[in-house]
file query.tsv (TSV, N, CA and C atoms)
chain	number	residue	atom	x	y	z
P	1	MET	N	-114.56	-142.26	73.45
P	1	MET	CA	-115.82	-142.39	72.74
P	1	MET	C	-116.86	-141.50	73.41
P	2	THR	N	-117.63	-140.80	72.63
P	2	THR	CA	-118.67	-139.90	73.12
P	2	THR	C	-119.98	-140.67	73.25
P	3	SER	N	-120.65	-140.46	74.36
P	3	SER	CA	-121.93	-141.11	74.59
P	3	SER	C	-123.05	-140.24	74.07
P	4	THR	N	-124.07	-140.87	73.51
P	4	THR	CA	-125.26	-140.13	73.05
P	4	THR	C	-126.41	-140.27	74.05
P	5	ILE	N	-126.14	-140.88	75.19
P	5	ILE	CA	-127.17	-141.08	76.20
P	5	ILE	C	-127.37	-139.78	76.97
P	6	ASP	N	-128.60	-139.35	77.05
P	6	ASP	CA	-128.97	-138.14	77.77
P	6	ASP	C	-129.48	-138.56	79.15
P	7	ASP	N	-128.74	-138.22	80.19
P	7	ASP	CA	-129.10	-138.62	81.55
P	7	ASP	C	-130.49	-138.13	81.96
P	8	ALA	N	-130.87	-136.95	81.51
P	8	ALA	CA	-132.20	-136.42	81.83
P	8	ALA	C	-133.30	-137.29	81.21
P	9	GLU	N	-133.07	-137.76	79.99
P	9	GLU	CA	-134.06	-138.65	79.33
P	9	GLU	C	-134.12	-140.00	80.04
P	10	VAL	N	-132.97	-140.52	80.46
P	10	VAL	CA	-132.95	-141.78	81.20
P	10	VAL	C	-133.75	-141.63	82.48
P	11	ALA	N	-133.57	-140.54	83.19
P	11	ALA	CA	-134.32	-140.30	84.43
P	11	ALA	C	-135.82	-140.18	84.15
P	12	ARG	N	-136.17	-139.47	83.08
P	12	ARG	CA	-137.59	-139.29	82.73
P	12	ARG	C	-138.25	-140.63	82.41
P	13	PHE	N	-137.59	-141.46	81.60
P	13	PHE	CA	-138.18	-142.74	81.22
P	13	PHE	C	-138.15	-143.74	82.38
P	14	SER	N	-137.20	-143.60	83.26
P	14	SER	CA	-137.18	-144.45	84.46
P	14	SER	C	-138.39	-144.14	85.34
P	15	ALA	N	-138.71	-142.86	85.47
P	15	ALA	CA	-139.89	-142.46	86.25
P	15	ALA	C	-141.16	-142.98	85.59
P	16	LEU	N	-141.24	-142.90	84.25
P	16	LEU	CA	-142.41	-143.43	83.53
P	16	LEU	C	-142.53	-144.93	83.73
P	17	ALA	N	-141.40	-145.63	83.69
P	17	ALA	CA	-141.42	-147.08	83.87
P	17	ALA	C	-141.94	-147.45	85.25
P	18	ALA	N	-141.55	-146.69	86.25
P	18	ALA	CA	-142.03	-146.95	87.61
P	18	ALA	C	-143.54	-146.72	87.69
P	19	GLU	N	-144.04	-145.70	87.02
P	19	GLU	CA	-145.47	-145.39	87.02
P	19	GLU	C	-146.28	-146.41	86.22
P	20	TRP	N	-145.67	-147.00	85.21
P	20	TRP	CA	-146.35	-147.94	84.30
P	20	TRP	C	-147.05	-149.05	85.06
P	21	TRP	N	-146.42	-149.60	86.09
P	21	TRP	CA	-146.95	-150.75	86.80
P	21	TRP	C	-147.82	-150.38	87.99
P	22	ASN	N	-148.04	-149.09	88.24
P	22	ASN	CA	-148.88	-148.65	89.34
P	22	ASN	C	-150.34	-148.93	88.98
P	23	PRO	N	-151.02	-149.83	89.72
P	23	PRO	CA	-152.39	-150.21	89.34
P	23	PRO	C	-153.40	-149.07	89.41
P	24	THR	N	-153.08	-147.99	90.11
P	24	THR	CA	-153.99	-146.85	90.17
P	24	THR	C	-153.41	-145.64	89.46
P	25	GLY	N	-152.31	-145.81	88.76
P	25	GLY	CA	-151.63	-144.72	88.07
P	25	GLY	C	-152.28	-144.36	86.75
P	26	LYS	N	-151.69	-143.38	86.08
P	26	LYS	CA	-152.27	-142.88	84.84
P	26	LYS	C	-152.17	-143.86	83.68
P	27	PHE	N	-151.35	-144.91	83.81
P	27	PHE	CA	-151.21	-145.88	82.73
P	27	PHE	C	-152.00	-147.16	82.96
P	28	ARG	N	-152.84	-147.17	84.00
P	28	ARG	CA	-153.62	-148.38	84.25
P	28	ARG	C	-154.52	-148.64	83.05
P	29	PRO	N	-154.92	-149.88	82.84
P	29	PRO	CA	-155.76	-150.18	81.68
P	29	PRO	C	-157.07	-149.40	81.71
P	30	LEU	N	-157.44	-148.84	80.60
P	30	LEU	CA	-158.70	-148.11	80.50
P	30	LEU	C	-159.87	-149.01	80.85
P	31	SER	N	-159.76	-150.27	80.48
P	31	SER	CA	-160.86	-151.20	80.69
P	31	SER	C	-161.02	-151.64	82.15
P	32	SER	N	-160.07	-151.29	83.03
P	32	SER	CA	-160.15	-151.77	84.40
P	32	SER	C	-161.41	-151.27	85.12
P	33	ASP	N	-161.90	-150.10	84.77
P	33	ASP	CA	-163.10	-149.55	85.41
P	33	ASP	C	-164.32	-149.60	84.50
P	34	PHE	N	-164.16	-150.13	83.31
P	34	PHE	CA	-165.24	-150.07	82.33
P	34	PHE	C	-166.25	-151.18	82.52
P	35	GLN	N	-167.50	-150.82	82.54
P	35	GLN	CA	-168.59	-151.79	82.63
P	35	GLN	C	-169.45	-151.65	81.38
P	36	PRO	N	-169.53	-152.69	80.55
P	36	PRO	CA	-170.38	-152.61	79.36
P	36	PRO	C	-171.82	-152.27	79.70
P	37	LEU	N	-172.49	-151.64	78.76
P	37	LEU	CA	-173.87	-151.22	78.97
P	37	LEU	C	-174.81	-152.39	79.16
P	38	ARG	N	-174.50	-153.54	78.56
P	38	ARG	CA	-175.37	-154.72	78.59
P	38	ARG	C	-175.20	-155.49	79.90
P	39	GLY	N	-175.66	-154.97	80.98
P	39	GLY	CA	-175.62	-155.67	82.25
P	39	GLY	C	-174.21	-155.95	82.75
P	40	GLY	N	-173.24	-155.18	82.30
P	40	GLY	CA	-171.88	-155.35	82.78
P	40	GLY	C	-171.09	-156.44	82.08
P	41	THR	N	-171.66	-157.07	81.04
P	41	THR	CA	-170.94	-158.12	80.32
P	41	THR	C	-171.10	-157.93	78.81
P	42	PHE	N	-170.11	-158.39	78.08
P	42	PHE	CA	-170.18	-158.41	76.63
P	42	PHE	C	-170.70	-159.77	76.19
P	43	VAL	N	-171.29	-159.83	75.00
P	43	VAL	CA	-171.63	-161.13	74.43
P	43	VAL	C	-170.33	-161.81	74.04
P	44	SER	N	-170.34	-163.12	73.91
P	44	SER	CA	-169.13	-163.83	73.52
P	44	SER	C	-168.75	-163.44	72.08
P	45	LEU	N	-167.50	-163.64	71.76
P	45	LEU	CA	-167.03	-163.33	70.41
P	45	LEU	C	-167.79	-164.14	69.36
P	46	ALA	N	-168.00	-165.42	69.64
P	46	ALA	CA	-168.73	-166.28	68.71
P	46	ALA	C	-170.16	-165.78	68.51
P	47	GLU	N	-170.83	-165.43	69.59
P	47	GLU	CA	-172.20	-164.94	69.49
P	47	GLU	C	-172.25	-163.63	68.72
P	48	LEU	N	-171.28	-162.76	68.97
P	48	LEU	CA	-171.22	-161.49	68.26
P	48	LEU	C	-171.08	-161.71	66.75
P	49	MET	N	-170.21	-162.63	66.36
P	49	MET	CA	-169.99	-162.91	64.94
P	49	MET	C	-171.25	-163.49	64.30
P	50	VAL	N	-171.83	-164.49	64.92
P	50	VAL	CA	-173.02	-165.14	64.35
P	50	VAL	C	-174.18	-164.16	64.25
P	51	ARG	N	-174.44	-163.44	65.34
P	51	ARG	CA	-175.56	-162.49	65.32
P	51	ARG	C	-175.32	-161.37	64.29
P	52	GLY	N	-174.07	-160.95	64.15
P	52	GLY	CA	-173.75	-159.94	63.15
P	52	GLY	C	-173.96	-160.44	61.74
P	53	ARG	N	-173.52	-161.67	61.46
P	53	ARG	CA	-173.69	-162.25	60.12
P	53	ARG	C	-175.16	-162.44	59.78
P	54	LEU	N	-175.97	-162.69	60.79
P	54	LEU	CA	-177.40	-162.89	60.55
P	54	LEU	C	-178.18	-161.58	60.62
P	55	GLY	N	-177.51	-160.48	60.89
P	55	GLY	CA	-178.17	-159.18	60.96
P	55	GLY	C	-179.05	-159.01	62.18
P	56	LEU	N	-178.70	-159.67	63.28
P	56	LEU	CA	-179.54	-159.66	64.47
P	56	LEU	C	-179.06	-158.69	65.55
P	57	LEU	N	-178.01	-157.93	65.30
P	57	LEU	CA	-177.52	-156.98	66.29
P	57	LEU	C	-178.27	-155.66	66.15
P	58	ASP	N	-178.45	-154.97	67.25
P	58	ASP	CA	-179.14	-153.68	67.27
P	58	ASP	C	-178.11	-152.58	67.04
P	59	ALA	N	-178.18	-151.92	65.90
P	59	ALA	CA	-177.21	-150.89	65.54
P	59	ALA	C	-177.15	-149.77	66.57
P	60	SER	N	-178.29	-149.37	67.12
P	60	SER	CA	-178.28	-148.28	68.09
P	60	SER	C	-177.56	-148.68	69.38
P	61	LEU	N	-177.70	-149.95	69.79
P	61	LEU	CA	-176.99	-150.42	70.98
P	61	LEU	C	-175.49	-150.52	70.71
P	62	LEU	N	-175.13	-150.99	69.52
P	62	LEU	CA	-173.71	-151.05	69.16
P	62	LEU	C	-173.10	-149.65	69.19
P	63	GLU	N	-173.79	-148.70	68.58
P	63	GLU	CA	-173.28	-147.33	68.54
P	63	GLU	C	-173.17	-146.75	69.95
P	64	ALA	N	-174.16	-147.02	70.80
P	64	ALA	CA	-174.11	-146.51	72.17
P	64	ALA	C	-172.93	-147.10	72.93
P	65	GLU	N	-172.69	-148.39	72.77
P	65	GLU	CA	-171.57	-149.05	73.44
P	65	GLU	C	-170.23	-148.48	72.98
P	66	ILE	N	-170.07	-148.34	71.69
P	66	ILE	CA	-168.81	-147.83	71.13
P	66	ILE	C	-168.60	-146.37	71.54
P	67	ALA	N	-169.66	-145.57	71.48
P	67	ALA	CA	-169.56	-144.17	71.89
P	67	ALA	C	-169.22	-144.05	73.38
P	68	THR	N	-169.77	-144.94	74.19
P	68	THR	CA	-169.47	-144.94	75.63
P	68	THR	C	-167.99	-145.25	75.86
P	69	GLN	N	-167.46	-146.22	75.12
P	69	GLN	CA	-166.05	-146.57	75.28
P	69	GLN	C	-165.14	-145.43	74.83
P	70	LEU	N	-165.47	-144.81	73.70
P	70	LEU	CA	-164.68	-143.66	73.25
P	70	LEU	C	-164.79	-142.51	74.25
P	71	GLY	N	-165.98	-142.29	74.80
P	71	GLY	CA	-166.16	-141.25	75.80
P	71	GLY	C	-165.33	-141.50	77.05
P	72	ALA	N	-165.22	-142.77	77.46
P	72	ALA	CA	-164.39	-143.11	78.62
P	72	ALA	C	-162.93	-142.80	78.33
P	73	PHE	N	-162.50	-143.06	77.11
P	73	PHE	CA	-161.11	-142.74	76.74
P	73	PHE	C	-160.88	-141.24	76.80
P	74	VAL	N	-161.79	-140.47	76.22
P	74	VAL	CA	-161.65	-139.00	76.21
P	74	VAL	C	-161.67	-138.46	77.64
P	75	SER	N	-162.55	-139.00	78.50
P	75	SER	CA	-162.59	-138.56	79.89
P	75	SER	C	-161.27	-138.83	80.60
P	76	ARG	N	-160.67	-139.96	80.31
P	76	ARG	CA	-159.41	-140.34	80.97
P	76	ARG	C	-158.23	-139.55	80.45
P	77	PHE	N	-158.14	-139.37	79.12
P	77	PHE	CA	-156.93	-138.81	78.51
P	77	PHE	C	-157.10	-137.40	77.94
P	78	GLY	N	-158.34	-136.90	77.94
P	78	GLY	CA	-158.56	-135.53	77.50
P	78	GLY	C	-158.60	-135.33	76.00
P	79	GLN	N	-158.54	-136.39	75.24
P	79	GLN	CA	-158.60	-136.31	73.78
P	79	GLN	C	-158.96	-137.68	73.22
P	80	PRO	N	-159.46	-137.73	72.00
P	80	PRO	CA	-159.76	-139.03	71.39
P	80	PRO	C	-158.46	-139.81	71.14
P	81	PRO	N	-158.56	-141.12	71.00
P	81	PRO	CA	-157.36	-141.92	70.73
P	81	PRO	C	-156.80	-141.63	69.34
P	82	ASP	N	-155.50	-141.84	69.18
P	82	ASP	CA	-154.86	-141.68	67.87
P	82	ASP	C	-155.20	-142.85	66.97
P	83	PHE	N	-155.33	-144.05	67.56
P	83	PHE	CA	-155.60	-145.27	66.82
P	83	PHE	C	-156.74	-146.01	67.51
P	84	VAL	N	-157.65	-146.58	66.73
P	84	VAL	CA	-158.75	-147.35	67.31
P	84	VAL	C	-158.91	-148.67	66.58
P	85	ASP	N	-159.26	-149.68	67.34
P	85	ASP	CA	-159.63	-150.97	66.78
P	85	ASP	C	-160.41	-151.72	67.85
P	86	GLY	N	-160.86	-152.89	67.54
P	86	GLY	CA	-161.65	-153.66	68.49
P	86	GLY	C	-160.86	-154.82	69.04
P	87	HIS	N	-161.13	-155.16	70.29
P	87	HIS	CA	-160.48	-156.31	70.90
P	87	HIS	C	-160.77	-157.55	70.06
P	88	GLN	N	-159.75	-158.31	69.76
P	88	GLN	CA	-159.84	-159.50	68.91
P	88	GLN	C	-160.45	-159.16	67.54
P	89	HIS	N	-160.23	-157.94	67.10
P	89	HIS	CA	-160.67	-157.45	65.79
P	89	HIS	C	-162.18	-157.51	65.60
P	90	ALA	N	-162.92	-157.43	66.70
P	90	ALA	CA	-164.39	-157.46	66.63
P	90	ALA	C	-164.95	-156.28	65.85
P	91	HIS	N	-164.16	-155.22	65.69
P	91	HIS	CA	-164.63	-154.06	64.93
P	91	HIS	C	-164.79	-154.37	63.45
P	92	LEU	N	-164.32	-155.52	63.00
P	92	LEU	CA	-164.47	-155.92	61.60
P	92	LEU	C	-165.69	-156.79	61.36
P	93	PHE	N	-166.37	-157.20	62.41
P	93	PHE	CA	-167.52	-158.09	62.26
P	93	PHE	C	-168.67	-157.36	61.58
P	94	PRO	N	-169.49	-158.12	60.85
P	94	PRO	CA	-170.68	-157.51	60.24
P	94	PRO	C	-171.53	-156.80	61.28
P	95	GLN	N	-172.10	-155.72	60.91
P	95	GLN	CA	-172.92	-154.81	61.73
P	95	GLN	C	-172.06	-154.04	62.73
P	96	VAL	N	-171.12	-154.68	63.37
P	96	VAL	CA	-170.23	-153.97	64.30
P	96	VAL	C	-169.39	-152.97	63.51
P	97	ARG	N	-168.89	-153.41	62.37
P	97	ARG	CA	-168.04	-152.58	61.51
P	97	ARG	C	-168.72	-151.26	61.16
P	98	GLU	N	-169.96	-151.33	60.72
P	98	GLU	CA	-170.68	-150.12	60.32
P	98	GLU	C	-170.90	-149.18	61.50
P	99	ALA	N	-171.33	-149.73	62.63
P	99	ALA	CA	-171.55	-148.91	63.82
P	99	ALA	C	-170.24	-148.30	64.30
P	100	PHE	N	-169.20	-149.10	64.30
P	100	PHE	CA	-167.87	-148.64	64.73
P	100	PHE	C	-167.39	-147.46	63.88
P	101	LEU	N	-167.49	-147.61	62.57
P	101	LEU	CA	-167.03	-146.55	61.68
P	101	LEU	C	-167.88	-145.29	61.82
P	102	ASP	N	-169.19	-145.45	61.98
P	102	ASP	CA	-170.07	-144.27	62.17
P	102	ASP	C	-169.69	-143.50	63.42
P	103	VAL	N	-169.45	-144.21	64.52
P	103	VAL	CA	-169.12	-143.54	65.78
P	103	VAL	C	-167.75	-142.90	65.71
P	104	VAL	N	-166.78	-143.62	65.18
P	104	VAL	CA	-165.42	-143.05	65.09
P	104	VAL	C	-165.42	-141.82	64.18
P	105	LYS	N	-166.16	-141.88	63.10
P	105	LYS	CA	-166.23	-140.73	62.19
P	105	LYS	C	-166.78	-139.50	62.91
P	106	GLU	N	-167.76	-139.72	63.80
P	106	GLU	CA	-168.36	-138.60	64.52
P	106	GLU	C	-167.54	-138.16	65.73
P	107	LYS	N	-167.09	-139.12	66.53
P	107	LYS	CA	-166.47	-138.80	67.83
P	107	LYS	C	-164.94	-138.67	67.79
P	108	ALA	N	-164.31	-139.31	66.81
P	108	ALA	CA	-162.84	-139.30	66.74
P	108	ALA	C	-162.39	-139.26	65.28
P	109	PRO	N	-162.80	-138.23	64.55
P	109	PRO	CA	-162.57	-138.22	63.10
P	109	PRO	C	-161.10	-138.21	62.68
P	110	GLN	N	-160.20	-137.82	63.56
P	110	GLN	CA	-158.78	-137.80	63.21
P	110	GLN	C	-158.07	-139.12	63.56
P	111	SER	N	-158.78	-140.05	64.17
P	111	SER	CA	-158.17	-141.31	64.58
P	111	SER	C	-157.97	-142.24	63.39
P	112	TRP	N	-156.90	-143.00	63.47
P	112	TRP	CA	-156.64	-144.03	62.47
P	112	TRP	C	-157.39	-145.28	62.90
P	113	VAL	N	-158.04	-145.94	61.95
P	113	VAL	CA	-158.76	-147.18	62.24
P	113	VAL	C	-157.94	-148.34	61.70
P	114	ARG	N	-157.72	-149.33	62.55
P	114	ARG	CA	-156.95	-150.49	62.13
P	114	ARG	C	-157.79	-151.36	61.21
P	115	GLN	N	-157.24	-151.64	60.04
P	115	GLN	CA	-157.89	-152.52	59.07
P	115	GLN	C	-157.03	-153.77	58.95
P	116	CYS	N	-157.59	-154.90	59.26
P	116	CYS	CA	-156.81	-156.15	59.31
P	116	CYS	C	-157.04	-157.02	58.08
P	117	GLY	N	-157.60	-156.48	57.04
P	117	GLY	CA	-157.88	-157.27	55.85
P	117	GLY	C	-159.36	-157.18	55.52
P	118	GLY	N	-159.68	-157.65	54.36
P	118	GLY	CA	-161.06	-157.59	53.91
P	118	GLY	C	-161.92	-158.68	54.53
P	119	VAL	N	-163.18	-158.39	54.62
P	119	VAL	CA	-164.15	-159.36	55.10
P	119	VAL	C	-165.14	-159.59	53.95
P	120	PRO	N	-165.15	-160.81	53.40
P	120	PRO	CA	-166.03	-161.05	52.27
P	120	PRO	C	-167.50	-160.91	52.65
P	121	SER	N	-168.27	-160.32	51.78
P	121	SER	CA	-169.70	-160.20	52.02
P	121	SER	C	-170.42	-161.23	51.18
P	122	ARG	N	-171.34	-161.91	51.79
P	122	ARG	CA	-172.18	-162.86	51.07
P	122	ARG	C	-173.45	-163.06	51.86
P	123	ARG	N	-174.46	-163.52	51.19
P	123	ARG	CA	-175.72	-163.79	51.88
P	123	ARG	C	-175.52	-165.01	52.77
P	124	VAL	N	-176.08	-164.96	53.94
P	124	VAL	CA	-175.99	-166.08	54.87
P	124	VAL	C	-177.39	-166.45	55.32
P	125	SER	N	-177.50	-167.67	55.75
P	125	SER	CA	-178.76	-168.12	56.31
P	125	SER	C	-178.47	-168.79	57.65
P	126	VAL	N	-179.48	-169.06	58.39
P	126	VAL	CA	-179.32	-169.74	59.67
P	126	VAL	C	-178.63	-171.09	59.46
P	127	TRP	N	-178.82	-171.68	58.31
P	127	TRP	CA	-178.29	-173.02	58.04
P	127	TRP	C	-176.77	-173.02	57.83
P	128	ASP	N	-176.19	-171.82	57.67
P	128	ASP	CA	-174.73	-171.76	57.53
P	128	ASP	C	-174.02	-171.99	58.86
P	129	TYR	N	-174.77	-171.95	59.96
P	129	TYR	CA	-174.13	-172.06	61.28
P	129	TYR	C	-174.57	-173.30	61.94

call {"tool": "encode", "arguments": {"input": "query.tsv", "output": "structure tokens"}}
result
Amino acid sequence: MTSTIDDAEVARFSALAAEWWNPTGKFRPLSSDFQPLRGGTFVSLAELMVRGRLGLLDASLLEAEIATQLGAFVSRFGQPPDFVDGHQHAHLFPQVREAFLDVVKEKAPQSWVRQCGGVPSRRVSVWDY
């Protein structure tokens, strides 16, 4: 029986696997050195959703945060990401969605944006929460 295993490829991927777990290597998490612009912390997911639904988020701050994160990716990898989305799908939240799409369109126009389904639009009031 003829083998289709290429020993050179096995060696190459074995070396990549060894590098994968190196905490200071090229595959370390991008977020390990990232500090959000807002005093080094993000707002909670619940707060982000509520403030977005009520229209209380600052679009310029959202755009600055997203652009900073994309810039960190480009600095690390030398090119924009192929695919972009938000942690816990926060990129779909009201107000975040618009800022996210504006920044990606400008800074990473060839990137695919993950769409996880529609988000219904309706008027909300403080009393909904």

call {"tool": "atom_distance", "arguments": {"input": "query.tsv", "atom1": "atom C of Lys107 (chain P)", "atom2": "CA of Leu70 (chain P)"}}
result
7.4 Å

call {"tool": "atom_distance", "arguments": {"input": "query.tsv", "atom1": "CA of Asp58 (chain P)", "atom2": "CA of Pro81 (chain P)"}}
result
25.0 Å

call {"tool": "residues_around", "arguments": {"input": "query.tsv", "residues": "region 94-96 of chain P", "least_positions_apart": "5", "cutoff": "6.5 Å", "atoms": "only N, CA and C atoms", "output": "list in words"}}
result
Met49, Gly52, Arg53 and Leu101 of chain P

call {"tool": "atom_distance", "arguments": {"input": "query.tsv", "atom1": "atom C of Glu19 (chain P)", "atom2": "atom N of Arg76 (chain P)"}}
result
16.8 Å

call {"tool": "closest_residue", "arguments": {"input": "query.tsv", "among": "P:Val113, P:Val10, P:Leu61, P:Leu16", "to": "Phe83 (chain P)", "atoms": "only C-alpha atoms"}}
result
P:Val113
